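Okay, structure first, notes after.
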Amino acid sequence: ILSKSDLHLVKRAFVHEAEPNGKAMPPLLQHAWLDGAITADYSVDCVYEESSGRFRVDRIGSKSTIARLWGTAPVSYPCTNGGSYDRVVSAAYGDVLKAGRPRYDHVYAAMRTPDDIVTWIPYQRVIMPIHTGDRRRAVTIVTEIAKVDIRIV
């Protein structure tokens, strides 16, 4: 219906900070939220770069959602800096660093798959501040494709 209508979305990514609800959260996110720890294999680390004022993907866990869909190369669509997707989804990373506490979000985004097809992907995520050995400001994120409480129209 949307493809044949006069409605054209300008935004391609939507983020909603949500209240953690164990029943609605995927088990991996429940574990991360309740235990305050994220397993490195399932997470992605993003480091804040002072020079650009942006977050850069520093590490992709081998079992993370990004790795399962796009691989572990930090040049895939969700890892690319500067686009509208990057600006919308990474805005919360700075909030997490300032607050010094985790955040739980629902995200709905139009993303380019490895076969060059744009598709809408709903996912939930937990973002946590981390301390690096070299004092860089960074967050770690765990995501799962799951139902989200975001209505576009």
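Letters A, B, ... mark the chains of the structure tokens in the order given; residue numbers begin at 1 per chain; ligand numbers begin at 1, in order shown.
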Inset, instruction - Could you find all residues in chain A that DSSP calls strand (DSSP E) from the backbone, and write them as a ChimeraX atom specification? - result: /A:13-17,43-49,54-60,103-112,118-131,137-145
Inset, instruction - Please provide as a PyMOL selection string all residues within 12 Å of A:Thr80, with the sequence filter that same-chain residues fewer than 2 positions apart are discarded (counting only C-alpha atoms). - result: chain A and resi 46+54-58+70+73-78+82-87+89-90+111-112
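All residues within stretch 49-123 of chain A that the backbone DSSP calculation assigns to alpha helix (DSSP H) are Thr65, Ile66, Ala67, Arg68, Leu69, Trp70, Ser84, Tyr85, Asp86, Arg87, Val88, Val89, Ser90, Ala91, Ala92, Tyr93, Gly94, Asp95, Val96, Leu97, Lys98 and Ala99 of chain A.
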Inset, instruction - For A:Ala18, list every protein, DNA or RNA residue within 8 Å, evaluated using only C-alpha atoms, and leave out those in the same chain fewer than 5 positions away; present the list as a VMD selection string. - result: chain A and resid 104 to 106
Inset, instruction - Identify, on the basis of only C-alpha atoms, every residue whose closest approach to A:Pro27 does not exceed 12 Å; exclude the query and any residue fewer than 2 positions from it along the same chain; express the result as a VMD selection string. - result: chain A and resid 20 to 25 29 to 35 124 to 126 142 to 146
Inset, instruction - Using only C-alpha atoms, determine which residues lie at most 12 Å from A:Thr132, disregarding the query and same-chain residues fewer than 4 positions distant; provide the list as a PyMOL selection string. - result: chain A and resi 45-48+58+136-140
Legend entry - Best match for closeness to A:Phe14 among A:Val88, A:Val148, A:Gly100, A:Thr119, counting only C-alpha atoms: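 Ranked by minimum distance to A:Phe14, first place goes to A:Val88.
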Legend entry - Residue nearest A:Val107 among A:Arg68, A:Arg59, A:Lys147, A:Lys11 (counting only C-alpha atoms): A:Lys147
Legend entry - Option closest in space to A:Asn81, from A:Gly53, A:Pro102, A:Ala67, A:Thr39 [counting only C-alpha atoms]: A:Gly53
Inset, instruction - Compile the contact shell of A:Thr72 as a list in words: residues with an atom at most 8 Å away, counting only C-alpha atoms, same-chain residues fewer than 4 positions apart removed. - result: Ile60, Gly61, Ser62, Ile66 and Ala67 of chain A
Output N, CA, C and O atoms for every residue in that selection, as a short mmCIF file (atom, residue, chain, number, x, y, z; two decimals), in the first residue's frame.
```cif
data_model
loop_
_atom_site.label_atom_id
_atom_site.label_comp_id
_atom_site.auth_asym_id
_atom_site.auth_seq_id
_atom_site.Cartn_x
_atom_site.Cartn_y
_atom_site.Cartn_z
N ILE A 60 33.21 -5.69 16.05
CA ILE A 60 31.93 -6.35 15.75
C ILE A 60 32.04 -7.79 16.25
O ILE A 60 32.90 -8.55 15.78
N GLY A 61 31.20 -8.15 17.22
CA GLY A 61 31.19 -9.51 17.74
C GLY A 61 30.76 -10.50 16.67
O GLY A 61 29.87 -10.22 15.87
N SER A 62 31.36 -11.67 16.68
CA SER A 62 31.13 -12.67 15.63
C SER A 62 29.70 -13.21 15.60
O SER A 62 29.25 -13.73 14.59
N ILE A 66 24.72 -7.62 13.45
CA ILE A 66 25.43 -7.09 12.28
C ILE A 66 26.25 -8.19 11.62
O ILE A 66 26.22 -8.36 10.41
N ALA A 67 26.97 -8.96 12.41
CA ALA A 67 27.80 -10.04 11.85
C ALA A 67 26.95 -11.08 11.13
O ALA A 67 27.32 -11.56 10.06
#
```
Inset, instruction - Could you check how far atom CA of A:Ile117 sits from atom CA of A:Val44, in Å to one decimal? - result: 23.1 Å
Inset, instruction - Give the answer as one residue: which of A:Ile141, A:Ala13, A:Met128, A:Val96 has the shortest atom-to-atom distance to A:Thr65, using only C-alpha atoms? - result: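 Checking each of A:Ile141, A:Ala13, A:Met128, A:Val96 against A:Thr65, counting only C-alpha atoms, the winner is A:Ile141.
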